[in-house]
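Working notes for the structure below.
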Amino acid sequence: MLRPAKTPLYRQVFNAATVILAVHAAGAAVRYIELLPALRLDSLQFVVLIFALLAYTVVNTSLVVGVVAMTTPDMTFTQTLMRRSEGVGVEIATLSLGALVAVTVTATAPIALLFTIPPLLLLHRTVLSRQLVQEARIDAKTGVLNSAAWHLEATQTLDRARQRSNAALLLMIDLDRFKSINDTYGHLAGDEVLAALGQVLRAQVRGADVVGRFGGEEFVMLMPNLDRRVGVAEVTAIAERVRQAIADIRVEVDSPDGPITLNTVSASVGGAVYPHDGEVVTTLLGRADKALYAAKRAGRNRVRMVDSRGAAQLDDSDRESR
C-alpha cells in the first residue's frame, strides 16, 4: 500500500551521516588540543570543550546548509544559514548544556548537577514548541503544507522570483470524482488516496518548489526558477508530468468483497505562470482555477493552461461540452 512517510529514508540517512561526521570532527579537535604542549592542565578541559563544540557545530551546520543551498537554486548559502539560524541556536544551546553537565559531574560536587535541570527543561520546552509550530504547518493526512502555510511560502517564493526576474508555474490540482471513491469505498479509503497523492506530489517537487493542500481534494504547487521566456508548451509539459504521476497511483483499499487496488485515480490540472498571468498569489490562483475548470469541462484527467489574455485555453472538446 502506498503511504506517505513522515521523513523520507534518504533524509534519515543524510541526517545520521551529518551527525557522525560532526562527532568525528569534534573528536579530532579534542585529540589535537590535547597534544598542544603550551596549555596548562587546568585550562585544557575548558579549551577542549570549546573546540569540540565549535567543530561539531561548524561541520554539522555546513553540511546541512550546504546541501540545502545546492538543491535550492534561488537560495544562497548565507540566506539558507539565516533561515536556519534559530535551529543552529538551539543546537548550540543543547551542546553547551551537555558540556556544562560534563564539567559539573567531573569537576565539582555531583549535587551541583541539580542546577542544570531547569535550563534542560526550558530547552526541551523550546524544542517541543518549534516542533509544534512545524507540525501546525503540515496537513496531517497528506504530509504537504496546509493552506495557510502554503500561501505564506508561496508569497515568499514569488518575492524571490521577482528579485531574480524569474518566472514561476502555479498548478491547481483537483482529484476527479473523488466523492465517488468516498461513497463507494468509504472515507478511510478516500484518506488513503489523499495520502498517496500527497506522497506523489512531494516526489515531484524540487528543492524550491512549494506544494500544499488547498482544501478537500484540491492541491496547489508553485514551481519557481523558470526562464522569463518560458512558453506554454514547456509549462504544459511540466503539468503533464505531474498529471501522469497521479494517474499512475495504485492504492489498496478495503471493500465489502475484501481488499482491492484502485488504479483509476486521476486529476485535472490547471496552470498559470508568473508574471505573465499575474504577479501575486491570489491572482495566479484565480487564473489557475479557471484553467482547472476548463480541464474539468473538457472531460477531466487533463491539463489546461492560461493563455496570454488570462483566460483558460479551450480546445474543441471544451467548447462542445458547454
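We name chains A, B, ... following the order of the C-alpha cells; residues begin at 1 in each chain, and ligands are numbered from 1 as shown.
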
Legend entry - Test item, strand (DSSP E) assignment across range 151-272 of chain A, answer as a ChimeraX atom specification: /A:167-175,210-215,218-226,251-253,260-262,267-272

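All residues within range 214-269 of chain A that the backbone DSSP calculation assigns to alpha helix (DSSP H) are Val232, Ala233, Glu234, Val235, Thr236, Ala237, Ile238, Ala239, Glu240, Arg241, Val242, Arg243, Gln244, Ala245, Ile246 and Ala247 of chain A.
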
Put those residues in a file: all heavy atoms, as an mmCIF file, in the first residue's frame.
data_model
loop_
_atom_site.group_PDB
_atom_site.id
_atom_site.type_symbol
_atom_site.label_atom_id
_atom_site.label_comp_id
_atom_site.auth_asym_id
_atom_site.auth_seq_id
_atom_site.Cartn_x
_atom_site.Cartn_y
_atom_site.Cartn_z
ATOM 1 N N VAL A 232 4.184 28.197 -23.382
ATOM 2 C CA VAL A 232 3.051 27.369 -22.948
ATOM 3 C C VAL A 232 3.372 25.891 -23.086
ATOM 4 O O VAL A 232 3.017 25.079 -22.217
ATOM 5 C CB VAL A 232 1.784 27.724 -23.773
ATOM 6 C CG1 VAL A 232 0.647 26.760 -23.430
ATOM 7 C CG2 VAL A 232 1.356 29.155 -23.500
ATOM 8 N N ALA A 233 4.056 25.518 -24.161
ATOM 9 C CA ALA A 233 4.378 24.102 -24.371
ATOM 10 C C ALA A 233 5.256 23.559 -23.241
ATOM 11 O O ALA A 233 5.075 22.421 -22.781
ATOM 12 C CB ALA A 233 5.070 23.917 -25.716
ATOM 13 N N GLU A 234 6.200 24.381 -22.772
ATOM 14 C CA GLU A 234 7.118 23.918 -21.716
ATOM 15 C C GLU A 234 6.387 23.744 -20.389
ATOM 16 O O GLU A 234 6.566 22.723 -19.697
ATOM 17 C CB GLU A 234 8.267 24.909 -21.567
ATOM 18 C CG GLU A 234 9.152 25.007 -22.801
ATOM 19 C CD GLU A 234 10.106 26.172 -22.712
ATOM 20 O OE1 GLU A 234 9.701 27.301 -23.061
ATOM 21 O OE2 GLU A 234 11.253 25.954 -22.300
ATOM 22 N N VAL A 235 5.577 24.719 -19.993
ATOM 23 C CA VAL A 235 4.886 24.590 -18.710
ATOM 24 C C VAL A 235 3.801 23.517 -18.788
ATOM 25 O O VAL A 235 3.509 22.843 -17.796
ATOM 26 C CB VAL A 235 4.287 25.946 -18.266
ATOM 27 C CG1 VAL A 235 5.392 26.926 -17.943
ATOM 28 C CG2 VAL A 235 3.340 26.518 -19.308
ATOM 29 N N THR A 236 3.202 23.339 -19.961
ATOM 30 C CA THR A 236 2.228 22.268 -20.121
ATOM 31 C C THR A 236 2.885 20.904 -19.940
ATOM 32 O O THR A 236 2.313 19.991 -19.330
ATOM 33 C CB THR A 236 1.553 22.350 -21.500
ATOM 34 O OG1 THR A 236 0.889 23.615 -21.632
ATOM 35 C CG2 THR A 236 0.528 21.233 -21.673
ATOM 36 N N ALA A 237 4.116 20.764 -20.446
ATOM 37 C CA ALA A 237 4.842 19.503 -20.289
ATOM 38 C C ALA A 237 5.121 19.217 -18.814
ATOM 39 O O ALA A 237 5.032 18.067 -18.361
ATOM 40 C CB ALA A 237 6.143 19.548 -21.080
ATOM 41 N N ILE A 238 5.447 20.253 -18.046
ATOM 42 C CA ILE A 238 5.671 20.077 -16.608
ATOM 43 C C ILE A 238 4.384 19.615 -15.927
ATOM 44 O O ILE A 238 4.381 18.679 -15.122
ATOM 45 C CB ILE A 238 6.168 21.388 -15.978
ATOM 46 C CG1 ILE A 238 7.532 21.771 -16.550
ATOM 47 C CG2 ILE A 238 6.237 21.272 -14.465
ATOM 48 C CD1 ILE A 238 8.027 23.135 -16.099
ATOM 49 N N ALA A 239 3.276 20.289 -16.261
ATOM 50 C CA ALA A 239 1.995 19.929 -15.667
ATOM 51 C C ALA A 239 1.566 18.519 -16.073
ATOM 52 O O ALA A 239 0.991 17.770 -15.274
ATOM 53 C CB ALA A 239 0.924 20.941 -16.077
ATOM 54 N N GLU A 240 1.857 18.130 -17.321
ATOM 55 C CA GLU A 240 1.520 16.783 -17.791
ATOM 56 C C GLU A 240 2.292 15.718 -17.018
ATOM 57 O O GLU A 240 1.778 14.634 -16.742
ATOM 58 C CB GLU A 240 1.809 16.657 -19.286
ATOM 59 C CG GLU A 240 0.728 17.227 -20.178
ATOM 60 C CD GLU A 240 -0.539 16.363 -20.182
ATOM 61 O OE1 GLU A 240 -0.504 15.241 -19.632
ATOM 62 O OE2 GLU A 240 -1.548 16.817 -20.726
ATOM 63 N N ARG A 241 3.535 16.032 -16.688
ATOM 64 C CA ARG A 241 4.330 15.089 -15.901
ATOM 65 C C ARG A 241 3.683 14.838 -14.535
ATOM 66 O O ARG A 241 3.606 13.704 -14.060
ATOM 67 C CB ARG A 241 5.744 15.635 -15.710
ATOM 68 C CG ARG A 241 6.704 14.685 -15.019
ATOM 69 C CD ARG A 241 7.947 15.408 -14.592
ATOM 70 N NE ARG A 241 7.682 16.329 -13.502
ATOM 71 C CZ ARG A 241 8.319 17.466 -13.294
ATOM 72 N NH1 ARG A 241 9.238 17.881 -14.149
ATOM 73 N NH2 ARG A 241 8.022 18.235 -12.258
ATOM 74 N N VAL A 242 3.194 15.906 -13.926
ATOM 75 C CA VAL A 242 2.519 15.776 -12.631
ATOM 76 C C VAL A 242 1.222 14.991 -12.780
ATOM 77 O O VAL A 242 0.909 14.093 -11.997
ATOM 78 C CB VAL A 242 2.253 17.170 -12.024
ATOM 79 C CG1 VAL A 242 1.431 17.049 -10.744
ATOM 80 C CG2 VAL A 242 3.565 17.894 -11.750
ATOM 81 N N ARG A 243 0.444 15.333 -13.821
ATOM 82 C CA ARG A 243 -0.825 14.629 -14.038
ATOM 83 C C ARG A 243 -0.605 13.145 -14.268
ATOM 84 O O ARG A 243 -1.339 12.296 -13.729
ATOM 85 C CB ARG A 243 -1.555 15.237 -15.246
ATOM 86 C CG ARG A 243 -2.946 14.640 -15.489
ATOM 87 C CD ARG A 243 -3.391 14.872 -16.920
ATOM 88 N NE ARG A 243 -2.504 14.209 -17.869
ATOM 89 C CZ ARG A 243 -2.529 12.911 -18.131
ATOM 90 N NH1 ARG A 243 -3.390 12.104 -17.516
ATOM 91 N NH2 ARG A 243 -1.686 12.391 -19.018
ATOM 92 N N GLN A 244 0.416 12.789 -15.036
ATOM 93 C CA GLN A 244 0.685 11.386 -15.328
ATOM 94 C C GLN A 244 1.128 10.634 -14.070
ATOM 95 O O GLN A 244 0.759 9.475 -13.863
ATOM 96 C CB GLN A 244 1.760 11.270 -16.399
ATOM 97 C CG GLN A 244 2.016 9.837 -16.870
ATOM 98 C CD GLN A 244 0.769 9.165 -17.410
ATOM 99 O OE1 GLN A 244 0.128 9.690 -18.331
ATOM 100 N NE2 GLN A 244 0.400 8.014 -16.862
ATOM 101 N N ALA A 245 1.912 11.295 -13.219
ATOM 102 C CA ALA A 245 2.335 10.662 -11.969
ATOM 103 C C ALA A 245 1.132 10.336 -11.095
ATOM 104 O O ALA A 245 1.091 9.289 -10.425
ATOM 105 C CB ALA A 245 3.308 11.573 -11.217
ATOM 106 N N ILE A 246 0.131 11.207 -11.108
ATOM 107 C CA ILE A 246 -1.098 10.942 -10.347
ATOM 108 C C ILE A 246 -1.869 9.791 -10.966
ATOM 109 O O ILE A 246 -2.405 8.923 -10.264
ATOM 110 C CB ILE A 246 -1.965 12.214 -10.283
ATOM 111 C CG1 ILE A 246 -1.216 13.324 -9.537
ATOM 112 C CG2 ILE A 246 -3.306 11.931 -9.616
ATOM 113 C CD1 ILE A 246 -1.891 14.670 -9.607
ATOM 114 N N ALA A 247 -1.923 9.747 -12.297
ATOM 115 C CA ALA A 247 -2.646 8.669 -12.980
ATOM 116 C C ALA A 247 -2.006 7.309 -12.726
ATOM 117 O O ALA A 247 -2.666 6.270 -12.861
ATOM 118 C CB ALA A 247 -2.704 8.951 -14.480
#

Legend entry - Spatial neighbours of range 173-184 of chain A, 8 Å, only C-alpha atoms, chain gap at least 5 places, as a list in words: Ala189, Gly190, Glu217, Glu218, Phe219, Val220, Val265, Ser266, Ala267, Ser268, Val269, Gly270, Leu292, Arg300 and Asn301 of chain A

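The spacing separating CA of Tyr10 in chain A from CA of Asn263 in chain A amounts to 27.5 Å.
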
Which residues of range 211-317 of chain A sit at most 6 Å from range 162-171 of chain A, using only C-alpha atoms? Give each one's shortest atom pair and distance in Å (one decimal place), in chain and ascending residue order, as a Markdown table.
| residue | atom | partner | partner_atom | distance |
| --- | --- | --- | --- | --- |
| A:Val220 | CA | A:Leu171 | CA | 5.6 |
| A:Met221 | CA | A:Leu171 | CA | 5.1 |
| A:Leu222 | CA | A:Leu170 | CA | 4.4 |
| A:Met223 | CA | A:Leu169 | CA | 5.0 |
| A:Pro224 | CA | A:Ala168 | CA | 4.0 |
| A:Asn225 | CA | A:Asn166 | CA | 5.6 |
| A:Leu226 | CA | A:Ala167 | CA | 4.7 |
| A:Asp227 | CA | A:Ala167 | CA | 5.6 |
| A:Arg228 | CA | A:Ala167 | CA | 4.9 |
| A:Gly270 | CA | A:Leu171 | CA | 5.7 |
| A:Gly271 | CA | A:Leu171 | CA | 4.4 |
| A:Ala272 | CA | A:Leu170 | CA | 5.3 |
| A:Val273 | CA | A:Leu169 | CA | 4.6 |
| A:Tyr274 | CA | A:Ala168 | CA | 5.0 |

Could the residues in this selection be written to a file with C-alpha atoms, as a PDB file, in the first residue's frame?
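Wrote it out as out.pdb, contents follow:
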ATOM      1  CA  VAL A 220      -1.550  23.532  -5.279  1.00  0.00           C
ATOM      2  CA  MET A 221       2.055  23.583  -6.472  1.00  0.00           C
ATOM      3  CA  LEU A 222       4.284  26.583  -7.093  1.00  0.00           C
ATOM      4  CA  MET A 223       7.374  25.818  -9.177  1.00  0.00           C
ATOM      5  CA  PRO A 224       9.835  28.750  -9.431  1.00  0.00           C
ATOM      6  CA  ASN A 225      13.192  29.239 -11.189  1.00  0.00           C
ATOM      7  CA  LEU A 226      11.761  29.165 -14.711  1.00  0.00           C
ATOM      8  CA  ASP A 227      13.078  31.346 -17.511  1.00  0.00           C
ATOM      9  CA  ARG A 228      11.033  34.501 -18.145  1.00  0.00           C
ATOM     10  CA  GLY A 270      -4.981  24.000 -14.298  1.00  0.00           C
ATOM     11  CA  GLY A 271      -1.923  26.230 -14.532  1.00  0.00           C
ATOM     12  CA  ALA A 272      -0.919  29.878 -14.563  1.00  0.00           C
ATOM     13  CA  VAL A 273       2.523  31.441 -14.995  1.00  0.00           C
ATOM     14  CA  TYR A 274       4.077  34.286 -13.015  1.00  0.00           C
TER      15      TYR A 274
END

Inset, instruction - Compile the contact shell of Ser147 in chain A as a list in words: residues with an atom at most 12 Å away, counting only C-alpha atoms, same-chain residues fewer than 5 positions apart removed. - result: Ala136, Arg137, Ile138, Asp139, Leu152, Glu153, Ala154, Val210, Val211, Gly212, Arg213, Phe214, Gly215, Gly216, Glu218, Phe219, Val220 and Met221 of chain A

Preceding selection exported with N, CA, C and O atoms as a JSON list (two decimals), in the first residue's frame:
[["chain", "number", "residue", "atom", "x", "y", "z"],
["A", 136, "ALA", "N", 2.16, 22.32, 12.87],
["A", 136, "ALA", "CA", 0.97, 23.12, 12.58],
["A", 136, "ALA", "C", 0.95, 23.58, 11.13],
["A", 136, "ALA", "O", -0.11, 23.96, 10.61],
["A", 137, "ARG", "N", 2.09, 23.56, 10.44],
["A", 137, "ARG", "CA", 2.17, 23.98, 9.05],
["A", 137, "ARG", "C", 1.84, 22.83, 8.09],
["A", 137, "ARG", "O", 1.62, 23.07, 6.91],
["A", 138, "ILE", "N", 1.83, 21.60, 8.58],
["A", 138, "ILE", "CA", 1.69, 20.43, 7.72],
["A", 138, "ILE", "C", 0.28, 19.86, 7.81],
["A", 138, "ILE", "O", -0.29, 19.73, 8.90],
["A", 139, "ASP", "N", -0.28, 19.51, 6.66],
["A", 139, "ASP", "CA", -1.56, 18.82, 6.61],
["A", 139, "ASP", "C", -1.36, 17.36, 7.04],
["A", 139, "ASP", "O", -0.56, 16.64, 6.43],
["A", 152, "LEU", "N", 1.78, 31.49, 2.64],
["A", 152, "LEU", "CA", 2.91, 32.26, 3.14],
["A", 152, "LEU", "C", 4.18, 31.92, 2.37],
["A", 152, "LEU", "O", 4.90, 32.82, 1.91],
["A", 153, "GLU", "N", 4.47, 30.63, 2.19],
["A", 153, "GLU", "CA", 5.69, 30.24, 1.49],
["A", 153, "GLU", "C", 5.62, 30.60, 0.01],
["A", 153, "GLU", "O", 6.62, 30.98, -0.60],
["A", 154, "ALA", "N", 4.43, 30.48, -0.59],
["A", 154, "ALA", "CA", 4.28, 30.83, -2.00],
["A", 154, "ALA", "C", 4.53, 32.32, -2.21],
["A", 154, "ALA", "O", 5.17, 32.73, -3.19],
["A", 210, "VAL", "N", 6.99, 24.56, -3.92],
["A", 210, "VAL", "CA", 6.12, 24.63, -2.75],
["A", 210, "VAL", "C", 4.81, 23.91, -3.08],
["A", 210, "VAL", "O", 4.10, 24.30, -4.02],
["A", 211, "VAL", "N", 4.50, 22.87, -2.32],
["A", 211, "VAL", "CA", 3.28, 22.09, -2.57],
["A", 211, "VAL", "C", 2.43, 22.10, -1.31],
["A", 211, "VAL", "O", 2.94, 21.99, -0.19],
["A", 212, "GLY", "N", 1.12, 22.26, -1.50],
["A", 212, "GLY", "CA", 0.22, 22.32, -0.37],
["A", 212, "GLY", "C", -1.16, 21.78, -0.71],
["A", 212, "GLY", "O", -1.50, 21.58, -1.88],
["A", 213, "ARG", "N", -1.93, 21.56, 0.34],
["A", 213, "ARG", "CA", -3.33, 21.14, 0.17],
["A", 213, "ARG", "C", -4.20, 22.38, 0.26],
["A", 213, "ARG", "O", -4.23, 23.06, 1.29],
["A", 214, "PHE", "N", -4.92, 22.66, -0.81],
["A", 214, "PHE", "CA", -5.72, 23.87, -0.88],
["A", 214, "PHE", "C", -7.03, 23.70, -0.12],
["A", 214, "PHE", "O", -7.57, 24.64, 0.43],
["A", 215, "GLY", "N", -7.54, 22.49, -0.12],
["A", 215, "GLY", "CA", -8.79, 22.21, 0.58],
["A", 215, "GLY", "C", -9.48, 21.00, -0.03],
["A", 215, "GLY", "O", -9.53, 20.87, -1.26],
["A", 216, "GLY", "N", -9.99, 20.09, 0.81],
["A", 216, "GLY", "CA", -10.66, 18.92, 0.28],
["A", 216, "GLY", "C", -9.71, 18.08, -0.55],
["A", 216, "GLY", "O", -8.67, 17.63, -0.08],
["A", 218, "GLU", "N", -8.34, 19.27, -3.38],
["A", 218, "GLU", "CA", -7.61, 20.21, -4.23],
["A", 218, "GLU", "C", -6.22, 20.48, -3.65],
["A", 218, "GLU", "O", -6.07, 20.69, -2.44],
["A", 219, "PHE", "N", -5.23, 20.49, -4.52],
["A", 219, "PHE", "CA", -3.85, 20.73, -4.13],
["A", 219, "PHE", "C", -3.27, 21.83, -5.02],
["A", 219, "PHE", "O", -3.77, 22.08, -6.12],
["A", 220, "VAL", "N", -2.20, 22.46, -4.52],
["A", 220, "VAL", "CA", -1.55, 23.53, -5.28],
["A", 220, "VAL", "C", -0.04, 23.31, -5.26],
["A", 220, "VAL", "O", 0.52, 22.84, -4.27],
["A", 221, "MET", "N", 0.60, 23.66, -6.36],
["A", 221, "MET", "CA", 2.05, 23.58, -6.47],
["A", 221, "MET", "C", 2.56, 24.88, -7.09],
["A", 221, "MET", "O", 1.99, 25.37, -8.07]]

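Restricting the calculation to only C-alpha atoms, the smallest distance between Arg160 in chain A and any of A:Arg304, A:Tyr56, A:Ala208, A:Leu145 is found for A:Ala208.
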
Inset, instruction - Might you pull out every residue within 10 Å of Glu252 in chain A, with only C-alpha atoms counted and same-chain residues fewer than 2 positions away left off, and present them as a ChimeraX atom specification? - result: /A:1-2,189,192-193,250,254-255,259-263

Inset, instruction - Would you work out the distance separating CA of Ala148 in chain A from CA of Asp289 in chain A, expressed in Å to one decimal? - result: 17.6 Å

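The interatomic distance for the pair CA of Asp159 in chain A and CA of Asp277 in chain A works out to 15.6 Å.
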